[in-house]
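Written below as structure tokens is the structure these notes are about.
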Amino acid sequence: MSISLPTTHPFAPGRIRVAISACLLGIPVRYDGGHKENPLLTNSPLTAHMQWIPFCPEQECGLGTPREPMQWQGDPLQPRLRALHSQRDYTQQLQQWCTRQVRLQRHAGIAGWLLKSRSPSCGVTGVEIQQAPGQPPHRSIGLFPRLLLASKPQAVITEGDLLQDEPALVHFLSRLAPATYYACSHSAD
Ligand code: SF4
């Protein structure tokens with residue numbers, strides 16, 4: 001499926017292409033039909049020259065919305081992504097979609113990635129892997145950024161939770177300037 005931006009959001013196409021977890025823009029793609037809009041991203045004039053490329057691994061890999069919440073479980077070296085209640089295993093389905101999407105995004109002139117914190121699919125740090133019952137969860141990285149960094153170690157990535165004020169946003173944007181030049185000149189690599 002393709003995602004449409006809500007018409008209420010003033011996202012004009014710009015020069016700096018940033019792939020973003022769709023829920024951070026207020027698009028209702030979360031497992032419960034909600035979103036996690038970050039008003040700094042949707043309202044700040046600092047983002048006027050950016051072109052958001054929203055995507056949602058879980059919805060777009062075919063799980064739809066709403067869906068069961070999911071969690072990584074098992075051996076931290078080979079965890080499985082399972083639905084919390086039914087225990088259905090979605091690891092392969094999500095992995096196939098993310099692998100294809102990383103390849104597409106790598107060649108789309110994208111300068112940076114802005115991903116939702118703590119999500120099993122999108123989170124960059126602190127993503128929980130539940131080991132045996134009673135054990136504390138292991139902390140790791142979500143599937144999409146793991147595959148992205150394996151394919152493109154120099155990718156500029158940040159998490160939604162780290163962008164709570166304008167100085168943090170300015171810092172992220174400043175990291176995109178060289179990345180933008182590189183993305184434009186190597187988009188056909
Ligand atoms: S965190 Fe990622 S997978 Fe979860 S709803 Fe947001 S975009 Fe979709």
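Identifiers in the structure tokens: chain A, B, ... in order shown; residue index from 1 per chain; ligand index from 1 in order shown.
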
Using only C-alpha atoms and all ligand atoms, I'd like a table of the residues in chain A that come within 8 Å of ligand 1; for each, show the closest atom pair and its distance in Å rounded to one decimal, ordered by chain and ascending number, as CSV.
```
residue,atom,partner,partner_atom_place_in_ligand_line,distance
A:Ile20,CA,ligand 1,7 (S),7.5
A:Ser21,CA,ligand 1,7 (S),3.8
A:Ala22,CA,ligand 1,7 (S),4.6
A:Cys23,CA,ligand 1,6 (Fe),4.4
A:Leu24,CA,ligand 1,6 (Fe),6.8
A:Pro28,CA,ligand 1,5 (S),7.7
A:Val29,CA,ligand 1,5 (S),4.9
A:Arg30,CA,ligand 1,5 (S),3.6
A:Tyr31,CA,ligand 1,5 (S),6.3
A:His35,CA,ligand 1,5 (S),6.9
A:Lys36,CA,ligand 1,6 (Fe),7.5
A:Pro54,CA,ligand 1,7 (S),7.8
A:Phe55,CA,ligand 1,7 (S),5.9
A:Cys56,CA,ligand 1,7 (S),3.7
A:Pro57,CA,ligand 1,3 (S),4.8
A:Glu58,CA,ligand 1,3 (S),4.5
A:Gln59,CA,ligand 1,8 (Fe),6.2
A:Leu115,CA,ligand 1,2 (Fe),7.1
A:Lys116,CA,ligand 1,1 (S),4.8
A:Ser117,CA,ligand 1,1 (S),7.1
A:Arg118,CA,ligand 1,1 (S),7.7
A:Ser119,CA,ligand 1,1 (S),4.9
A:Pro120,CA,ligand 1,3 (S),7.4
A:Ser121,CA,ligand 1,3 (S),5.2
A:Cys122,CA,ligand 1,2 (Fe),4.7
A:Gly123,CA,ligand 1,1 (S),7.0
```

Convert the current residue selection to file output with N, CA and C atoms, as a PDB file, in the first residue's frame.
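Heads up, here's the output in selection_36.pdb:
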```pdb
ATOM      1  N   ILE A  20      11.057   8.882   7.142  1.00  0.00           N
ATOM      2  CA  ILE A  20      10.592   9.070   8.521  1.00  0.00           C
ATOM      3  C   ILE A  20       9.535   8.028   8.875  1.00  0.00           C
ATOM      4  N   SER A  21       9.556   7.552  10.108  1.00  0.00           N
ATOM      5  CA  SER A  21       8.481   6.689  10.593  1.00  0.00           C
ATOM      6  C   SER A  21       7.177   7.470  10.482  1.00  0.00           C
ATOM      7  N   ALA A  22       6.215   6.908   9.734  1.00  0.00           N
ATOM      8  CA  ALA A  22       5.003   7.660   9.397  1.00  0.00           C
ATOM      9  C   ALA A  22       4.248   8.147  10.636  1.00  0.00           C
ATOM     10  N   CYS A  23       4.285   7.364  11.706  1.00  0.00           N
ATOM     11  CA  CYS A  23       3.508   7.747  12.898  1.00  0.00           C
ATOM     12  C   CYS A  23       4.008   9.054  13.509  1.00  0.00           C
ATOM     13  N   LEU A  24       5.277   9.412  13.286  1.00  0.00           N
ATOM     14  CA  LEU A  24       5.810  10.666  13.840  1.00  0.00           C
ATOM     15  C   LEU A  24       5.214  11.894  13.159  1.00  0.00           C
ATOM     16  N   PRO A  28      -1.992   7.833  11.183  1.00  0.00           N
ATOM     17  CA  PRO A  28      -2.468   6.812  12.135  1.00  0.00           C
ATOM     18  C   PRO A  28      -2.152   5.383  11.692  1.00  0.00           C
ATOM     19  N   VAL A  29      -0.907   4.997  11.841  1.00  0.00           N
ATOM     20  CA  VAL A  29      -0.479   3.666  11.391  1.00  0.00           C
ATOM     21  C   VAL A  29      -0.045   2.762  12.536  1.00  0.00           C
ATOM     22  N   ARG A  30      -0.162   3.227  13.784  1.00  0.00           N
ATOM     23  CA  ARG A  30       0.297   2.387  14.890  1.00  0.00           C
ATOM     24  C   ARG A  30      -0.616   1.174  15.078  1.00  0.00           C
ATOM     25  N   TYR A  31      -0.155   0.217  15.848  1.00  0.00           N
ATOM     26  CA  TYR A  31      -0.913  -1.039  16.008  1.00  0.00           C
ATOM     27  C   TYR A  31      -2.340  -0.786  16.495  1.00  0.00           C
ATOM     28  N   HIS A  35      -1.264   7.390  16.473  1.00  0.00           N
ATOM     29  CA  HIS A  35      -0.011   7.900  15.911  1.00  0.00           C
ATOM     30  C   HIS A  35       0.831   8.481  17.045  1.00  0.00           C
ATOM     31  N   LYS A  36       1.990   8.969  16.738  1.00  0.00           N
ATOM     32  CA  LYS A  36       2.877   9.591  17.721  1.00  0.00           C
ATOM     33  C   LYS A  36       3.426  10.887  17.128  1.00  0.00           C
ATOM     34  N   PRO A  54       7.486   9.345   4.257  1.00  0.00           N
ATOM     35  CA  PRO A  54       6.965   8.530   5.364  1.00  0.00           C
ATOM     36  C   PRO A  54       6.820   7.060   4.981  1.00  0.00           C
ATOM     37  N   PHE A  55       7.117   6.198   5.936  1.00  0.00           N
ATOM     38  CA  PHE A  55       6.925   4.767   5.710  1.00  0.00           C
ATOM     39  C   PHE A  55       6.627   4.094   7.044  1.00  0.00           C
ATOM     40  N   CYS A  56       5.926   2.980   6.975  1.00  0.00           N
ATOM     41  CA  CYS A  56       5.597   2.208   8.180  1.00  0.00           C
ATOM     42  C   CYS A  56       5.853   0.739   7.890  1.00  0.00           C
ATOM     43  N   PRO A  57       6.967   0.199   8.383  1.00  0.00           N
ATOM     44  CA  PRO A  57       7.294  -1.198   8.074  1.00  0.00           C
ATOM     45  C   PRO A  57       6.174  -2.172   8.426  1.00  0.00           C
ATOM     46  N   GLU A  58       5.576  -1.997   9.590  1.00  0.00           N
ATOM     47  CA  GLU A  58       4.600  -2.998  10.032  1.00  0.00           C
ATOM     48  C   GLU A  58       3.332  -2.936   9.192  1.00  0.00           C
ATOM     49  N   GLN A  59       2.832  -1.750   8.914  1.00  0.00           N
ATOM     50  CA  GLN A  59       1.630  -1.661   8.087  1.00  0.00           C
ATOM     51  C   GLN A  59       1.922  -2.096   6.662  1.00  0.00           C
ATOM     52  N   LEU A 115      13.520   8.060  12.926  1.00  0.00           N
ATOM     53  CA  LEU A 115      12.769   6.844  13.240  1.00  0.00           C
ATOM     54  C   LEU A 115      12.184   6.899  14.643  1.00  0.00           C
ATOM     55  N   LYS A 116      11.060   6.237  14.794  1.00  0.00           N
ATOM     56  CA  LYS A 116      10.332   6.223  16.069  1.00  0.00           C
ATOM     57  C   LYS A 116      11.106   5.410  17.110  1.00  0.00           C
ATOM     58  N   SER A 117      11.283   6.011  18.267  1.00  0.00           N
ATOM     59  CA  SER A 117      12.045   5.353  19.333  1.00  0.00           C
ATOM     60  C   SER A 117      11.329   4.104  19.857  1.00  0.00           C
ATOM     61  N   ARG A 118      12.105   3.133  20.234  1.00  0.00           N
ATOM     62  CA  ARG A 118      11.678   1.932  20.975  1.00  0.00           C
ATOM     63  C   ARG A 118      10.785   0.966  20.193  1.00  0.00           C
ATOM     64  N   SER A 119      10.419   1.306  18.979  1.00  0.00           N
ATOM     65  CA  SER A 119       9.579   0.383  18.205  1.00  0.00           C
ATOM     66  C   SER A 119      10.389  -0.852  17.810  1.00  0.00           C
ATOM     67  N   PRO A 120       9.792  -2.055  17.848  1.00  0.00           N
ATOM     68  CA  PRO A 120      10.536  -3.244  17.415  1.00  0.00           C
ATOM     69  C   PRO A 120      10.971  -3.172  15.955  1.00  0.00           C
ATOM     70  N   SER A 121      10.236  -2.397  15.157  1.00  0.00           N
ATOM     71  CA  SER A 121      10.587  -2.273  13.739  1.00  0.00           C
ATOM     72  C   SER A 121      11.480  -1.070  13.477  1.00  0.00           C
ATOM     73  N   CYS A 122      11.190   0.061  14.112  1.00  0.00           N
ATOM     74  CA  CYS A 122      11.856   1.322  13.771  1.00  0.00           C
ATOM     75  C   CYS A 122      12.883   1.797  14.799  1.00  0.00           C
ATOM     76  N   GLY A 123      12.797   1.368  16.044  1.00  0.00           N
ATOM     77  CA  GLY A 123      13.642   1.931  17.103  1.00  0.00           C
ATOM     78  C   GLY A 123      15.128   1.727  16.853  1.00  0.00           C
TER      79      GLY A 123
END
```

Next on the checklist: At a cut-off of 8 Å, using only C-alpha atoms, what residues contact segment 38-40 of chain A? Leave out same-chain residues fewer than 2 positions from it and give the result as JSON, numbers by chain.
Outcome noted: {"A": [24, 25, 26, 36, 42, 43, 44, 160, 163, 164, 165, 166]}

Hey, can you spit out that residue selection with N, CA and C atoms as a PDB file, in the first residue's frame?
```
ATOM      1  N   LEU A  24       5.277   9.412  13.286  1.00  0.00           N
ATOM      2  CA  LEU A  24       5.810  10.666  13.840  1.00  0.00           C
ATOM      3  C   LEU A  24       5.214  11.894  13.159  1.00  0.00           C
ATOM      4  N   LEU A  25       4.641  11.696  11.974  1.00  0.00           N
ATOM      5  CA  LEU A  25       4.002  12.811  11.267  1.00  0.00           C
ATOM      6  C   LEU A  25       2.512  12.906  11.582  1.00  0.00           C
ATOM      7  N   GLY A  26       2.040  12.069  12.480  1.00  0.00           N
ATOM      8  CA  GLY A  26       0.620  12.098  12.808  1.00  0.00           C
ATOM      9  C   GLY A  26      -0.224  11.189  11.936  1.00  0.00           C
ATOM     10  N   LYS A  36       1.990   8.969  16.738  1.00  0.00           N
ATOM     11  CA  LYS A  36       2.877   9.591  17.721  1.00  0.00           C
ATOM     12  C   LYS A  36       3.426  10.887  17.128  1.00  0.00           C
ATOM     13  N   THR A  42       6.102  18.640  12.653  1.00  0.00           N
ATOM     14  CA  THR A  42       4.975  19.013  11.795  1.00  0.00           C
ATOM     15  C   THR A  42       4.709  20.513  11.802  1.00  0.00           C
ATOM     16  N   ASN A  43       5.264  21.247  12.769  1.00  0.00           N
ATOM     17  CA  ASN A  43       4.951  22.674  12.860  1.00  0.00           C
ATOM     18  C   ASN A  43       6.145  23.606  12.714  1.00  0.00           C
ATOM     19  N   SER A  44       7.359  23.119  12.916  1.00  0.00           N
ATOM     20  CA  SER A  44       8.495  24.039  12.928  1.00  0.00           C
ATOM     21  C   SER A  44       8.835  24.540  11.523  1.00  0.00           C
ATOM     22  N   GLY A 160      12.984   9.802  17.148  1.00  0.00           N
ATOM     23  CA  GLY A 160      11.995  10.814  17.492  1.00  0.00           C
ATOM     24  C   GLY A 160      12.167  11.367  18.895  1.00  0.00           C
ATOM     25  N   LEU A 163      14.422  14.382  19.371  1.00  0.00           N
ATOM     26  CA  LEU A 163      14.073  15.662  18.740  1.00  0.00           C
ATOM     27  C   LEU A 163      12.899  16.295  19.477  1.00  0.00           C
ATOM     28  N   GLN A 164      13.184  16.821  20.653  1.00  0.00           N
ATOM     29  CA  GLN A 164      12.116  17.427  21.462  1.00  0.00           C
ATOM     30  C   GLN A 164      12.201  18.950  21.489  1.00  0.00           C
ATOM     31  N   ASP A 165      13.288  19.523  20.953  1.00  0.00           N
ATOM     32  CA  ASP A 165      13.383  20.987  20.935  1.00  0.00           C
ATOM     33  C   ASP A 165      14.147  21.432  19.685  1.00  0.00           C
ATOM     34  N   GLU A 166      14.101  22.732  19.423  1.00  0.00           N
ATOM     35  CA  GLU A 166      14.694  23.231  18.178  1.00  0.00           C
ATOM     36  C   GLU A 166      16.203  23.026  18.103  1.00  0.00           C
TER      37      GLU A 166
END
```

Based on the backbone DSSP call, show me all residues of segment 40-170 of chain A assigned strand (DSSP E), as a JSON list (two decimals) with N, CA and C atoms, in the first residue's frame.
```json
[["chain", "number", "residue", "atom", "x", "y", "z"],
["A", 50, "MET", "N", 12.42, 20.55, 3.95],
["A", 50, "MET", "CA", 12.60, 19.10, 3.94],
["A", 50, "MET", "C", 11.45, 18.44, 3.20],
["A", 51, "GLN", "N", 11.75, 17.31, 2.62],
["A", 51, "GLN", "CA", 10.70, 16.50, 2.00],
["A", 51, "GLN", "C", 10.64, 15.19, 2.77],
["A", 52, "TRP", "N", 9.56, 15.01, 3.51],
["A", 52, "TRP", "CA", 9.41, 13.78, 4.28],
["A", 52, "TRP", "C", 9.06, 12.61, 3.34],
["A", 53, "ILE", "N", 9.68, 11.49, 3.61],
["A", 53, "ILE", "CA", 9.33, 10.24, 2.90],
["A", 53, "ILE", "C", 8.81, 9.30, 3.98],
["A", 54, "PRO", "N", 7.49, 9.34, 4.26],
["A", 54, "PRO", "CA", 6.97, 8.53, 5.36],
["A", 54, "PRO", "C", 6.82, 7.06, 4.98],
["A", 55, "PHE", "N", 7.12, 6.20, 5.94],
["A", 55, "PHE", "CA", 6.92, 4.77, 5.71],
["A", 55, "PHE", "C", 6.63, 4.09, 7.04],
["A", 70, "MET", "N", 3.56, -6.16, 18.87],
["A", 70, "MET", "CA", 4.57, -7.20, 18.69],
["A", 70, "MET", "C", 5.77, -6.95, 19.59],
["A", 71, "GLN", "N", 6.55, -7.97, 19.72],
["A", 71, "GLN", "CA", 7.72, -7.90, 20.61],
["A", 71, "GLN", "C", 8.77, -8.90, 20.11],
["A", 72, "TRP", "N", 10.04, -8.49, 20.22],
["A", 72, "TRP", "CA", 11.12, -9.45, 19.95],
["A", 72, "TRP", "C", 11.23, -10.38, 21.13],
["A", 73, "GLN", "N", 11.43, -11.65, 20.84],
["A", 73, "GLN", "CA", 11.52, -12.65, 21.90],
["A", 73, "GLN", "C", 12.66, -13.63, 21.62],
["A", 80, "ARG", "N", 13.07, -13.59, 17.60],
["A", 80, "ARG", "CA", 11.93, -13.70, 16.71],
["A", 80, "ARG", "C", 10.92, -12.61, 17.07],
["A", 81, "LEU", "N", 10.29, -12.06, 16.05],
["A", 81, "LEU", "CA", 9.28, -11.02, 16.27],
["A", 81, "LEU", "C", 7.92, -11.70, 16.32],
["A", 82, "ARG", "N", 7.30, -11.64, 17.51],
["A", 82, "ARG", "CA", 6.03, -12.34, 17.68],
["A", 82, "ARG", "C", 4.95, -11.39, 18.17],
["A", 83, "ALA", "N", 3.71, -11.67, 17.74],
["A", 83, "ALA", "CA", 2.56, -10.94, 18.25],
["A", 83, "ALA", "C", 2.37, -11.32, 19.72],
["A", 112, "GLY", "N", 18.76, 11.41, 5.18],
["A", 112, "GLY", "CA", 18.76, 10.97, 6.57],
["A", 112, "GLY", "C", 17.48, 10.24, 6.92],
["A", 113, "TRP", "N", 17.51, 9.62, 8.09],
["A", 113, "TRP", "CA", 16.38, 8.82, 8.56],
["A", 113, "TRP", "C", 16.01, 9.28, 9.96],
["A", 114, "LEU", "N", 14.70, 9.44, 10.17],
["A", 114, "LEU", "CA", 14.19, 9.87, 11.46],
["A", 114, "LEU", "C", 13.18, 8.80, 11.90],
["A", 115, "LEU", "N", 13.52, 8.06, 12.93],
["A", 115, "LEU", "CA", 12.77, 6.84, 13.24],
["A", 115, "LEU", "C", 12.18, 6.90, 14.64],
["A", 127, "VAL", "N", 15.52, -1.10, 22.07],
["A", 127, "VAL", "CA", 14.40, -1.95, 21.68],
["A", 127, "VAL", "C", 14.46, -3.25, 22.49],
["A", 128, "GLU", "N", 13.36, -3.60, 23.12],
["A", 128, "GLU", "CA", 13.36, -4.74, 24.04],
["A", 128, "GLU", "C", 13.32, -6.08, 23.31],
["A", 129, "ILE", "N", 14.16, -7.00, 23.79],
["A", 129, "ILE", "CA", 14.05, -8.41, 23.40],
["A", 129, "ILE", "C", 13.73, -9.17, 24.67],
["A", 130, "GLN", "N", 12.53, -9.75, 24.72],
["A", 130, "GLN", "CA", 12.13, -10.48, 25.92],
["A", 130, "GLN", "C", 12.75, -11.87, 25.90],
["A", 138, "HIS", "N", 16.57, -7.82, 27.18],
["A", 138, "HIS", "CA", 17.80, -7.37, 26.54],
["A", 138, "HIS", "C", 17.43, -6.14, 25.70],
["A", 139, "ARG", "N", 18.36, -5.18, 25.54],
["A", 139, "ARG", "CA", 18.08, -3.97, 24.75],
["A", 139, "ARG", "C", 18.88, -4.04, 23.45],
["A", 140, "SER", "N", 18.21, -3.73, 22.35],
["A", 140, "SER", "CA", 18.88, -3.85, 21.07],
["A", 140, "SER", "C", 18.38, -2.79, 20.10],
["A", 157, "ILE", "N", 21.11, 8.84, 11.02],
["A", 157, "ILE", "CA", 19.85, 8.38, 11.63],
["A", 157, "ILE", "C", 19.68, 9.06, 12.98],
["A", 158, "THR", "N", 18.45, 9.46, 13.29],
["A", 158, "THR", "CA", 18.15, 9.86, 14.65],
["A", 158, "THR", "C", 16.79, 9.31, 15.04],
["A", 159, "GLU", "N", 16.46, 9.46, 16.33],
["A", 159, "GLU", "CA", 15.21, 8.92, 16.84],
["A", 159, "GLU", "C", 14.28, 10.06, 17.25]]
```

Next on the checklist: From a backbone DSSP assignment, name each residue in segment 109-152 of chain A labelled alpha helix (DSSP H), as a PyMOL selection string.
Outcome noted: chain A and resi 143-151

Prev. selection, N, CA and C atoms, output as a compact mmCIF listing (two decimals), in the first residue's frame:
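Writing the result to result_6.txt gives the following:
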```txt
# COMPACT_ATOMS: atom_id res chain seq x y z
N LEU A 143 14.46 -3.68 13.63
CA LEU A 143 14.85 -4.39 12.41
C LEU A 143 15.22 -3.45 11.26
N PHE A 144 14.42 -2.42 11.01
CA PHE A 144 14.73 -1.57 9.87
C PHE A 144 16.09 -0.87 10.03
N PRO A 145 16.36 -0.17 11.15
CA PRO A 145 17.67 0.47 11.25
C PRO A 145 18.83 -0.53 11.27
N ARG A 146 18.57 -1.75 11.78
CA ARG A 146 19.66 -2.75 11.77
C ARG A 146 20.03 -3.10 10.33
N LEU A 147 19.04 -3.33 9.50
CA LEU A 147 19.32 -3.67 8.11
C LEU A 147 19.88 -2.47 7.35
N LEU A 148 19.36 -1.28 7.67
CA LEU A 148 19.86 -0.08 6.99
C LEU A 148 21.34 0.14 7.31
N LEU A 149 21.71 0.03 8.58
CA LEU A 149 23.10 0.27 8.96
C LEU A 149 24.02 -0.83 8.44
N ALA A 150 23.50 -2.05 8.31
CA ALA A 150 24.32 -3.12 7.73
C ALA A 150 24.61 -2.82 6.27
N SER A 151 23.66 -2.17 5.60
CA SER A 151 23.82 -1.89 4.18
C SER A 151 24.52 -0.56 3.94
```

Item to check | Atom pair atom CA of His85 of chain A / atom CA of Asp32 of chain A: separation (Å) | outcome: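 According to the coordinates, atom CA of His85 of chain A and atom CA of Asp32 of chain A are separated by 13.9 Å.
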
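In this comparison, which uses only C-alpha atoms, the residue of A:Gln105, A:Ala168, A:Pro76, A:Ser86 approaching Gly142 of chain A most closely is A:Pro76.
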
Checklist entry - If you measure from atom CA of Gln101 of chain A to atom CA of Ser174 of chain A, what distance in Å do you get, rounded to one decimal? => result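 Atom-to-atom, atom CA of Gln101 of chain A and atom CA of Ser174 of chain A are spaced 25.4 Å apart.
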
Checklist entry - What is the atom CA of Arg175 of chain A-atom CA of Arg103 of chain A distance in Å, reported with one decimal? => result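 Separation between atom CA of Arg175 of chain A and atom CA of Arg103 of chain A: 22.0 Å.
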